[in-house]
$ cat run.pdb   # PDB, N, CA and C atoms, pLDDT in the B column
ATOM      1  N   MET A 151      39.637 -26.397  12.977  1.00 92.00           N
ATOM      2  CA  MET A 151      38.440 -26.016  12.272  1.00 92.00           C
ATOM      3  C   MET A 151      38.536 -24.528  11.950  1.00 92.00           C
ATOM      4  N   LYS A 152      38.023 -24.153  10.792  1.00 91.00           N
ATOM      5  CA  LYS A 152      38.013 -22.749  10.396  1.00 91.00           C
ATOM      6  C   LYS A 152      36.831 -22.045  11.049  1.00 91.00           C
ATOM      7  N   ILE A 153      36.981 -20.764  11.298  1.00 91.00           N
ATOM      8  CA  ILE A 153      35.929 -20.000  11.960  1.00 91.00           C
ATOM      9  C   ILE A 153      34.661 -19.944  11.113  1.00 91.00           C
ATOM     10  N   GLN A 154      34.788 -20.084   9.791  1.00 90.00           N
ATOM     11  CA  GLN A 154      33.620 -20.080   8.913  1.00 90.00           C
ATOM     12  C   GLN A 154      32.733 -21.307   9.143  1.00 90.00           C
ATOM     13  N   GLU A 155      33.284 -22.386   9.694  1.00 91.00           N
ATOM     14  CA  GLU A 155      32.559 -23.641   9.888  1.00 91.00           C
ATOM     15  C   GLU A 155      31.822 -23.713  11.229  1.00 91.00           C
ATOM     16  N   VAL A 156      32.035 -22.750  12.101  1.00 93.00           N
ATOM     17  CA  VAL A 156      31.469 -22.780  13.451  1.00 93.00           C
ATOM     18  C   VAL A 156      30.012 -22.336  13.424  1.00 93.00           C
ATOM     19  N   PRO A 157      29.119 -23.060  14.115  1.00 95.00           N
ATOM     20  CA  PRO A 157      27.707 -22.654  14.159  1.00 95.00           C
ATOM     21  C   PRO A 157      27.500 -21.348  14.938  1.00 95.00           C
ATOM     22  N   ILE A 158      26.444 -20.654  14.600  1.00 96.00           N
ATOM     23  CA  ILE A 158      26.082 -19.405  15.283  1.00 96.00           C
ATOM     24  C   ILE A 158      25.799 -19.704  16.753  1.00 96.00           C
ATOM     25  N   GLY A 159      26.269 -18.820  17.638  1.00 96.00           N
ATOM     26  CA  GLY A 159      26.057 -18.964  19.068  1.00 96.00           C
ATOM     27  C   GLY A 159      27.150 -19.732  19.780  1.00 96.00           C
ATOM     28  N   SER A 160      28.052 -20.347  19.042  1.00 96.00           N
ATOM     29  CA  SER A 160      29.121 -21.150  19.645  1.00 96.00           C
ATOM     30  C   SER A 160      30.243 -20.260  20.161  1.00 96.00           C
ATOM     31  N   LYS A 161      30.918 -20.752  21.198  1.00 97.00           N
ATOM     32  CA  LYS A 161      32.112 -20.087  21.707  1.00 97.00           C
ATOM     33  C   LYS A 161      33.317 -20.898  21.262  1.00 97.00           C
ATOM     34  N   VAL A 162      34.327 -20.177  20.793  1.00 97.00           N
ATOM     35  CA  VAL A 162      35.538 -20.813  20.299  1.00 97.00           C
ATOM     36  C   VAL A 162      36.765 -20.086  20.830  1.00 97.00           C
ATOM     37  N   GLN A 163      37.886 -20.789  20.790  1.00 98.00           N
ATOM     38  CA  GLN A 163      39.160 -20.186  21.169  1.00 98.00           C
ATOM     39  C   GLN A 163      40.035 -20.132  19.931  1.00 98.00           C
ATOM     40  N   ILE A 164      40.625 -18.976  19.675  1.00 96.00           N
ATOM     41  CA  ILE A 164      41.488 -18.813  18.507  1.00 96.00           C
ATOM     42  C   ILE A 164      42.773 -19.597  18.728  1.00 96.00           C
ATOM     43  N   LYS A 165      43.114 -20.443  17.754  1.00 96.00           N
ATOM     44  CA  LYS A 165      44.320 -21.270  17.831  1.00 96.00           C
ATOM     45  C   LYS A 165      45.445 -20.748  16.945  1.00 96.00           C
ATOM     46  N   SER A 166      45.104 -20.301  15.732  1.00 94.00           N
ATOM     47  CA  SER A 166      46.146 -19.796  14.829  1.00 94.00           C
ATOM     48  C   SER A 166      45.516 -19.087  13.642  1.00 94.00           C
ATOM     49  N   TYR A 167      46.377 -18.425  12.888  1.00 91.00           N
ATOM     50  CA  TYR A 167      45.994 -17.788  11.630  1.00 91.00           C
ATOM     51  C   TYR A 167      46.664 -18.555  10.502  1.00 91.00           C
ATOM     52  N   SER A 168      46.028 -18.593   9.332  1.00 87.00           N
ATOM     53  CA  SER A 168      46.577 -19.353   8.215  1.00 87.00           C
ATOM     54  C   SER A 168      47.878 -18.753   7.691  1.00 87.00           C
ATOM     55  N   GLN A 169      48.037 -17.464   7.831  1.00 82.00           N
ATOM     56  CA  GLN A 169      49.270 -16.804   7.392  1.00 82.00           C
ATOM     57  C   GLN A 169      49.422 -15.493   8.143  1.00 82.00           C
ATOM     58  N   SER A 170      50.620 -15.022   8.220  1.00 76.00           N
ATOM     59  CA  SER A 170      50.878 -13.748   8.884  1.00 76.00           C
ATOM     60  C   SER A 170      50.984 -12.669   7.809  1.00 76.00           C
ATOM     61  N   ASN A 171      49.983 -11.814   7.768  1.00 82.00           N
ATOM     62  CA  ASN A 171      49.998 -10.703   6.813  1.00 82.00           C
ATOM     63  C   ASN A 171      49.415  -9.479   7.504  1.00 82.00           C
ATOM     64  N   GLU A 172      49.188  -8.434   6.770  1.00 86.00           N
ATOM     65  CA  GLU A 172      48.678  -7.191   7.371  1.00 86.00           C
ATOM     66  C   GLU A 172      47.309  -7.385   8.021  1.00 86.00           C
ATOM     67  N   PHE A 173      46.472  -8.245   7.436  1.00 87.00           N
ATOM     68  CA  PHE A 173      45.150  -8.491   8.008  1.00 87.00           C
ATOM     69  C   PHE A 173      45.266  -9.203   9.355  1.00 87.00           C
ATOM     70  N   ALA A 174      46.139 -10.186   9.453  1.00 88.00           N
ATOM     71  CA  ALA A 174      46.353 -10.899  10.718  1.00 88.00           C
ATOM     72  C   ALA A 174      46.910  -9.952  11.772  1.00 88.00           C
ATOM     73  N   ILE A 175      47.826  -9.105  11.374  1.00 90.00           N
ATOM     74  CA  ILE A 175      48.396  -8.138  12.317  1.00 90.00           C
ATOM     75  C   ILE A 175      47.320  -7.175  12.798  1.00 90.00           C
ATOM     76  N   ARG A 176      46.455  -6.736  11.914  1.00 91.00           N
ATOM     77  CA  ARG A 176      45.371  -5.814  12.301  1.00 91.00           C
ATOM     78  C   ARG A 176      44.408  -6.486  13.270  1.00 91.00           C
ATOM     79  N   LEU A 177      44.068  -7.755  13.030  1.00 91.00           N
ATOM     80  CA  LEU A 177      43.194  -8.474  13.956  1.00 91.00           C
ATOM     81  C   LEU A 177      43.838  -8.601  15.329  1.00 91.00           C
ATOM     82  N   MET A 178      45.137  -8.858  15.364  1.00 92.00           N
ATOM     83  CA  MET A 178      45.830  -8.955  16.648  1.00 92.00           C
ATOM     84  C   MET A 178      45.855  -7.604  17.364  1.00 92.00           C
ATOM     85  N   GLU A 179      45.993  -6.519  16.617  1.00 93.00           N
ATOM     86  CA  GLU A 179      45.938  -5.181  17.215  1.00 93.00           C
ATOM     87  C   GLU A 179      44.565  -4.910  17.821  1.00 93.00           C
ATOM     88  N   LEU A 180      43.513  -5.498  17.238  1.00 92.00           N
ATOM     89  CA  LEU A 180      42.153  -5.327  17.743  1.00 92.00           C
ATOM     90  C   LEU A 180      41.830  -6.271  18.903  1.00 92.00           C
ATOM     91  N   GLY A 181      42.793  -7.101  19.292  1.00 93.00           N
ATOM     92  CA  GLY A 181      42.605  -7.979  20.440  1.00 93.00           C
ATOM     93  C   GLY A 181      42.316  -9.423  20.113  1.00 93.00           C
ATOM     94  N   LEU A 182      42.283  -9.784  18.848  1.00 93.00           N
ATOM     95  CA  LEU A 182      42.036 -11.175  18.463  1.00 93.00           C
ATOM     96  C   LEU A 182      43.360 -11.929  18.372  1.00 93.00           C
ATOM     97  N   ILE A 183      44.002 -12.114  19.515  1.00 94.00           N
ATOM     98  CA  ILE A 183      45.267 -12.835  19.556  1.00 94.00           C
ATOM     99  C   ILE A 183      44.996 -14.310  19.816  1.00 94.00           C
ATOM    100  N   VAL A 184      45.989 -15.130  19.603  1.00 95.00           N
ATOM    101  CA  VAL A 184      45.854 -16.560  19.848  1.00 95.00           C
ATOM    102  C   VAL A 184      45.512 -16.764  21.321  1.00 95.00           C
ATOM    103  N   GLY A 185      44.488 -17.563  21.581  1.00 97.00           N
ATOM    104  CA  GLY A 185      44.024 -17.812  22.944  1.00 97.00           C
ATOM    105  C   GLY A 185      42.771 -17.046  23.315  1.00 97.00           C
ATOM    106  N   THR A 186      42.384 -16.059  22.526  1.00 96.00           N
ATOM    107  CA  THR A 186      41.186 -15.276  22.797  1.00 96.00           C
ATOM    108  C   THR A 186      39.938 -16.124  22.583  1.00 96.00           C
ATOM    109  N   ILE A 187      38.992 -16.010  23.505  1.00 97.00           N
ATOM    110  CA  ILE A 187      37.717 -16.714  23.376  1.00 97.00           C
ATOM    111  C   ILE A 187      36.703 -15.760  22.769  1.00 97.00           C
ATOM    112  N   VAL A 188      36.086 -16.195  21.673  1.00 97.00           N
ATOM    113  CA  VAL A 188      35.098 -15.374  20.974  1.00 97.00           C
ATOM    114  C   VAL A 188      33.811 -16.165  20.790  1.00 97.00           C
ATOM    115  N   GLN A 189      32.720 -15.433  20.634  1.00 97.00           N
ATOM    116  CA  GLN A 189      31.425 -16.050  20.354  1.00 97.00           C
ATOM    117  C   GLN A 189      30.976 -15.610  18.967  1.00 97.00           C
ATOM    118  N   ILE A 190      30.434 -16.559  18.203  1.00 96.00           N
ATOM    119  CA  ILE A 190      29.905 -16.255  16.883  1.00 96.00           C
ATOM    120  C   ILE A 190      28.490 -15.709  17.081  1.00 96.00           C
ATOM    121  N   VAL A 191      28.280 -14.432  16.795  1.00 97.00           N
ATOM    122  CA  VAL A 191      26.988 -13.788  17.020  1.00 97.00           C
ATOM    123  C   VAL A 191      26.042 -14.049  15.849  1.00 97.00           C
ATOM    124  N   ARG A 192      26.517 -13.807  14.636  1.00 96.00           N
ATOM    125  CA  ARG A 192      25.701 -14.062  13.449  1.00 96.00           C
ATOM    126  C   ARG A 192      26.575 -14.139  12.217  1.00 96.00           C
ATOM    127  N   LYS A 193      25.979 -14.709  11.169  1.00 94.00           N
ATOM    128  CA  LYS A 193      26.663 -14.835   9.884  1.00 94.00           C
ATOM    129  C   LYS A 193      25.743 -14.306   8.799  1.00 94.00           C
ATOM    130  N   ALA A 194      26.310 -13.562   7.892  1.00 93.00           N
ATOM    131  CA  ALA A 194      25.543 -13.092   6.742  1.00 93.00           C
ATOM    132  C   ALA A 194      25.459 -14.228   5.723  1.00 93.00           C
ATOM    133  N   PRO A 195      24.393 -14.264   4.952  1.00 91.00           N
ATOM    134  CA  PRO A 195      24.267 -15.333   3.955  1.00 91.00           C
ATOM    135  C   PRO A 195      25.276 -15.192   2.816  1.00 91.00           C
ATOM    136  N   PHE A 196      25.424 -16.269   2.070  1.00 88.00           N
ATOM    137  CA  PHE A 196      26.273 -16.312   0.877  1.00 88.00           C
ATOM    138  C   PHE A 196      27.731 -15.982   1.192  1.00 88.00           C
ATOM    139  N   ASN A 197      28.236 -16.573   2.285  1.00 84.00           N
ATOM    140  CA  ASN A 197      29.637 -16.413   2.693  1.00 84.00           C
ATOM    141  C   ASN A 197      29.993 -14.949   2.959  1.00 84.00           C
ATOM    142  N   GLY A 198      29.045 -14.229   3.549  1.00 90.00           N
ATOM    143  CA  GLY A 198      29.262 -12.830   3.915  1.00 90.00           C
ATOM    144  C   GLY A 198      29.994 -12.715   5.237  1.00 90.00           C
ATOM    145  N   PRO A 199      30.022 -11.520   5.806  1.00 93.00           N
ATOM    146  CA  PRO A 199      30.754 -11.291   7.047  1.00 93.00           C
ATOM    147  C   PRO A 199      30.220 -12.116   8.221  1.00 93.00           C
ATOM    148  N   ILE A 200      31.124 -12.371   9.163  1.00 94.00           N
ATOM    149  CA  ILE A 200      30.809 -13.078  10.397  1.00 94.00           C
ATOM    150  C   ILE A 200      30.973 -12.076  11.534  1.00 94.00           C
ATOM    151  N   GLU A 201      29.968 -11.971  12.399  1.00 96.00           N
ATOM    152  CA  GLU A 201      30.057 -11.063  13.538  1.00 96.00           C
ATOM    153  C   GLU A 201      30.540 -11.841  14.752  1.00 96.00           C
ATOM    154  N   LEU A 202      31.610 -11.340  15.372  1.00 95.00           N
ATOM    155  CA  LEU A 202      32.212 -11.968  16.544  1.00 95.00           C
ATOM    156  C   LEU A 202      32.044 -11.059  17.754  1.00 95.00           C
ATOM    157  N   GLN A 203      31.954 -11.663  18.931  1.00 97.00           N
ATOM    158  CA  GLN A 203      31.925 -10.889  20.173  1.00 97.00           C
ATOM    159  C   GLN A 203      32.995 -11.442  21.095  1.00 97.00           C
ATOM    160  N   TYR A 204      33.824 -10.542  21.615  1.00 95.00           N
ATOM    161  CA  TYR A 204      34.847 -10.901  22.587  1.00 95.00           C
ATOM    162  C   TYR A 204      35.023  -9.710  23.513  1.00 95.00           C
ATOM    163  N   SER A 205      35.213  -9.991  24.796  1.00 91.00           N
ATOM    164  CA  SER A 205      35.224  -8.942  25.823  1.00 91.00           C
ATOM    165  C   SER A 205      33.949  -8.119  25.674  1.00 91.00           C
ATOM    166  N   SER A 206      34.081  -6.820  25.501  1.00 92.00           N
ATOM    167  CA  SER A 206      32.911  -5.968  25.275  1.00 92.00           C
ATOM    168  C   SER A 206      32.896  -5.445  23.842  1.00 92.00           C
ATOM    169  N   THR A 207      33.564  -6.165  22.949  1.00 94.00           N
ATOM    170  CA  THR A 207      33.729  -5.732  21.567  1.00 94.00           C
ATOM    171  C   THR A 207      32.972  -6.640  20.617  1.00 94.00           C
ATOM    172  N   ARG A 208      32.360  -6.048  19.612  1.00 96.00           N
ATOM    173  CA  ARG A 208      31.771  -6.801  18.503  1.00 96.00           C
ATOM    174  C   ARG A 208      32.490  -6.379  17.239  1.00 96.00           C
ATOM    175  N   LEU A 209      32.811  -7.370  16.426  1.00 94.00           N
ATOM    176  CA  LEU A 209      33.588  -7.125  15.218  1.00 94.00           C
ATOM    177  C   LEU A 209      33.057  -8.000  14.097  1.00 94.00           C
ATOM    178  N   ALA A 210      32.879  -7.432  12.923  1.00 94.00           N
ATOM    179  CA  ALA A 210      32.460  -8.200  11.753  1.00 94.00           C
ATOM    180  C   ALA A 210      33.675  -8.365  10.844  1.00 94.00           C
ATOM    181  N   ILE A 211      33.937  -9.607  10.460  1.00 92.00           N
ATOM    182  CA  ILE A 211      35.048  -9.883   9.556  1.00 92.00           C
ATOM    183  C   ILE A 211      34.513 -10.624   8.336  1.00 92.00           C
ATOM    184  N   ARG A 212      35.109 -10.366   7.210  1.00 88.00           N
ATOM    185  CA  ARG A 212      34.709 -11.042   5.973  1.00 88.00           C
ATOM    186  C   ARG A 212      35.650 -12.217   5.755  1.00 88.00           C
ATOM    187  N   PRO A 213      35.091 -13.421   5.690  1.00 80.00           N
ATOM    188  CA  PRO A 213      35.946 -14.575   5.399  1.00 80.00           C
ATOM    189  C   PRO A 213      36.440 -14.508   3.952  1.00 80.00           C
ATOM    190  N   THR A 214      37.724 -14.693   3.778  1.00 76.00           N
ATOM    191  CA  THR A 214      38.288 -14.660   2.430  1.00 76.00           C
ATOM    192  C   THR A 214      38.905 -16.009   2.105  1.00 76.00           C
ATOM    193  N   VAL A 215      39.136 -16.239   0.835  1.00 64.00           N
ATOM    194  CA  VAL A 215      39.677 -17.513   0.387  1.00 64.00           C
ATOM    195  C   VAL A 215      41.123 -17.688   0.826  1.00 64.00           C
ATOM    196  N   ASP A 216      41.899 -16.617   0.815  1.00 69.00           N
ATOM    197  CA  ASP A 216      43.335 -16.736   1.084  1.00 69.00           C
ATOM    198  C   ASP A 216      43.704 -16.555   2.554  1.00 69.00           C
ATOM    199  N   PHE A 217      42.738 -16.335   3.441  1.00 80.00           N
ATOM    200  CA  PHE A 217      43.042 -16.114   4.848  1.00 80.00           C
ATOM    201  C   PHE A 217      42.000 -16.797   5.711  1.00 80.00           C
ATOM    202  N   SER A 218      42.450 -17.524   6.722  1.00 87.00           N
ATOM    203  CA  SER A 218      41.525 -18.204   7.623  1.00 87.00           C
ATOM    204  C   SER A 218      41.991 -18.073   9.058  1.00 87.00           C
ATOM    205  N   ILE A 219      41.022 -18.078   9.958  1.00 91.00           N
ATOM    206  CA  ILE A 219      41.281 -18.121  11.393  1.00 91.00           C
ATOM    207  C   ILE A 219      40.926 -19.523  11.858  1.00 91.00           C
ATOM    208  N   PHE A 220      41.879 -20.218  12.453  1.00 94.00           N
ATOM    209  CA  PHE A 220      41.636 -21.568  12.943  1.00 94.00           C
ATOM    210  C   PHE A 220      41.291 -21.498  14.424  1.00 94.00           C
ATOM    211  N   VAL A 221      40.222 -22.219  14.819  1.00 96.00           N
ATOM    212  CA  VAL A 221      39.696 -22.144  16.178  1.00 96.00           C
ATOM    213  C   VAL A 221      39.439 -23.546  16.720  1.00 96.00           C
ATOM    214  N   GLU A 222      39.236 -23.599  18.038  1.00 97.00           N
ATOM    215  CA  GLU A 222      38.848 -24.823  18.723  1.00 97.00           C
ATOM    216  C   GLU A 222      37.504 -24.566  19.383  1.00 97.00           C
ATOM    217  N   LEU A 223      36.544 -25.445  19.139  1.00 96.00           N
ATOM    218  CA  LEU A 223      35.211 -25.291  19.692  1.00 96.00           C
ATOM    219  C   LEU A 223      35.237 -25.576  21.183  1.00 96.00           C
ATOM    220  N   LEU A 224      34.649 -24.696  21.989  1.00 96.00           N
ATOM    221  CA  LEU A 224      34.563 -24.881  23.435  1.00 96.00           C
ATOM    222  C   LEU A 224      33.177 -25.429  23.773  1.00 96.00           C
ATOM    223  N   SER A 225      33.097 -26.226  24.818  1.00 68.00           N
ATOM    224  CA  SER A 225      31.786 -26.799  25.187  1.00 68.00           C
ATOM    225  C   SER A 225      31.019 -25.915  26.113  1.00 68.00           C
TER
END

$ encode --input "run.pdb" --output "structure tokens"
Amino acid sequence: MKIQEVPIGSKVQIKSYSQSNEFAIRLMELGLIVGTIVQIVRKAPFNGPIELQYSSTRLAIRPTVDFSIFVELLS
């Protein structure tokens, strides 16, 4: 499932990135590596940025058409 499809408040585990590019490398440098558990804090309307929380960090990312983060929903 793509991170854009996850409901607000859900916890997910990052499984993979759709492609390896500079954006994926930057996310990994910020600590969003495969296996990281993140919580979806909020989403902006009209396919705007998604705010994620992991560890003690909050990060807003803009979902784009050519790049996706694939996650697994945790119960």

$ resolve_selection --input "run.pdb" --expression "the PyMOL selection byres (((chain A and resi 172-178 and name CA) around 12) and name CA)" --output "list in words"
Ile164, Ser166, Tyr167, Ser168, Gln169, Ser170, Asn171, Glu179, Leu180, Gly181, Leu182, Ile183, Val184, Gly185, Thr186, Leu202, Leu209, Ala210, Ile211, Arg212, Pro213, Thr214, Asp216, Phe217, Ser218, Ile219 and Phe220 of chain A

$ resolve_selection --input "run.pdb" --expression "the PyMOL selection byres ((chain A and resi 159) around 6)" --output "list in words"
Pro157, Ile158, Ser160, Lys161, Gln189, Ile190, Val191 and Arg192 of chain A

$ write_last_selection --input "run.pdb" --atoms "N, CA and C atoms" --output "short mmCIF file (atom, residue, chain, number, x, y, z; two decimals), keeping the file's coordinate frame"
data_model
loop_
_atom_site.label_atom_id
_atom_site.label_comp_id
_atom_site.auth_asym_id
_atom_site.auth_seq_id
_atom_site.Cartn_x
_atom_site.Cartn_y
_atom_site.Cartn_z
N PRO A 157 29.12 -23.06 14.12
CA PRO A 157 27.71 -22.65 14.16
C PRO A 157 27.50 -21.35 14.94
N ILE A 158 26.44 -20.65 14.60
CA ILE A 158 26.08 -19.40 15.28
C ILE A 158 25.80 -19.70 16.75
N SER A 160 28.05 -20.35 19.04
CA SER A 160 29.12 -21.15 19.64
C SER A 160 30.24 -20.26 20.16
N LYS A 161 30.92 -20.75 21.20
CA LYS A 161 32.11 -20.09 21.71
C LYS A 161 33.32 -20.90 21.26
N GLN A 189 32.72 -15.43 20.63
CA GLN A 189 31.42 -16.05 20.35
C GLN A 189 30.98 -15.61 18.97
N ILE A 190 30.43 -16.56 18.20
CA ILE A 190 29.90 -16.26 16.88
C ILE A 190 28.49 -15.71 17.08
N VAL A 191 28.28 -14.43 16.80
CA VAL A 191 26.99 -13.79 17.02
C VAL A 191 26.04 -14.05 15.85
N ARG A 192 26.52 -13.81 14.64
CA ARG A 192 25.70 -14.06 13.45
C ARG A 192 26.58 -14.14 12.22
#

$ atom_distance --input "run.pdb" --atom1 "atom CA of Leu224 of chain A" --atom2 "atom CA of Ile153 of chain A"
12.5 Å

$ atom_distance --input "run.pdb" --atom1 "atom N of Pro195 of chain A" --atom2 "atom N of Val221 of chain A"
20.3 Å

$ atom_distance --input "run.pdb" --atom1 "atom CA of Met151 of chain A" --atom2 "atom CA of Gln203 of chain A"
18.3 Å

$ closest_residue --input "run.pdb" --among "A:Tyr204, A:Gly198, A:Val162, A:Glu155" --to "Leu223 of chain A" --atoms "all atoms listed in the file"
A:Val162

$ select_by_dssp --input "run.pdb" --residues "chain A" --states "alpha helix (DSSP H)" --output "ChimeraX atom specification"
/A:172-179

$ decode --input "run.pdb" --residues "chain A" --atoms "C-alpha atoms" --output "compact mmCIF listing (two decimals), in the first residue's frame"
# COMPACT_ATOMS: atom_id res chain seq x y z
CA MET A 151 0.00 0.00 0.00
CA LYS A 152 1.21 3.52 -0.73
CA ILE A 153 1.66 5.94 2.15
CA GLN A 154 -0.87 8.29 0.50
CA GLU A 155 -3.60 5.65 1.05
CA VAL A 156 -3.06 5.28 4.82
CA PRO A 157 -5.68 6.86 7.13
CA ILE A 158 -4.68 9.63 9.53
CA GLY A 159 -3.54 8.34 12.93
CA SER A 160 -2.39 4.96 11.60
CA LYS A 161 1.01 3.46 12.30
CA VAL A 162 2.84 1.89 9.40
CA GLN A 163 6.18 0.27 8.68
CA ILE A 164 8.15 1.37 5.63
CA LYS A 165 8.66 -1.56 3.26
CA SER A 166 10.23 0.00 0.15
CA TYR A 167 10.57 2.99 -2.13
CA SER A 168 9.26 3.00 -5.69
CA GLN A 169 12.65 4.03 -7.05
CA SER A 170 16.07 4.96 -5.81
CA ASN A 171 16.76 8.61 -6.56
CA GLU A 172 18.01 11.68 -4.73
CA PHE A 173 14.69 12.09 -2.89
CA ALA A 174 14.79 8.50 -1.59
CA ILE A 175 18.39 8.95 -0.50
CA ARG A 176 17.50 12.18 1.33
CA LEU A 177 14.63 10.45 3.15
CA MET A 178 16.98 7.67 4.22
CA GLU A 179 19.48 10.26 5.49
CA LEU A 180 16.64 11.72 7.59
CA GLY A 181 16.01 8.31 9.16
CA LEU A 182 13.18 6.98 7.00
CA ILE A 183 14.89 3.70 6.16
CA VAL A 184 13.15 0.44 5.35
CA GLY A 185 11.74 -0.99 8.58
CA THR A 186 11.08 2.37 10.26
CA ILE A 187 7.71 2.66 11.99
CA VAL A 188 5.96 5.97 11.36
CA GLN A 189 2.61 7.47 12.30
CA ILE A 190 0.51 9.54 9.91
CA VAL A 191 -0.18 12.75 11.86
CA ARG A 192 -2.17 14.70 9.26
CA LYS A 193 -2.75 15.19 5.57
CA ALA A 194 -3.29 18.42 3.71
CA PRO A 195 -6.28 18.52 1.37
CA PHE A 196 -6.08 18.15 -2.41
CA ASN A 197 -3.15 15.69 -2.35
CA GLY A 198 -0.98 18.08 -0.34
CA PRO A 199 1.83 17.20 2.05
CA ILE A 200 1.58 14.35 4.56
CA GLU A 201 2.97 14.89 8.06
CA LEU A 202 4.78 11.87 9.52
CA GLN A 203 6.07 11.26 13.04
CA TYR A 204 8.86 8.82 13.84
CA SER A 205 11.10 8.74 16.91
CA SER A 206 11.01 12.36 18.10
CA THR A 207 10.89 13.75 14.57
CA ARG A 208 8.03 15.19 12.54
CA LEU A 209 8.44 15.50 8.81
CA ALA A 210 6.11 16.72 6.06
CA ILE A 211 6.54 15.15 2.64
CA ARG A 212 4.73 15.97 -0.58
CA PRO A 213 3.40 12.93 -2.39
CA THR A 214 4.42 13.03 -6.03
CA VAL A 215 3.27 11.07 -9.04
CA ASP A 216 6.68 9.63 -9.89
CA PHE A 217 7.73 8.62 -6.35
CA SER A 218 5.97 6.53 -3.72
CA ILE A 219 6.73 5.08 -0.31
CA PHE A 220 5.28 1.60 0.13
CA VAL A 221 4.22 0.68 3.68
CA GLU A 222 2.56 -2.07 5.69
CA LEU A 223 -0.26 -1.12 8.04
CA LEU A 224 0.38 -2.12 11.67
CA SER A 225 -2.47 -3.03 14.01
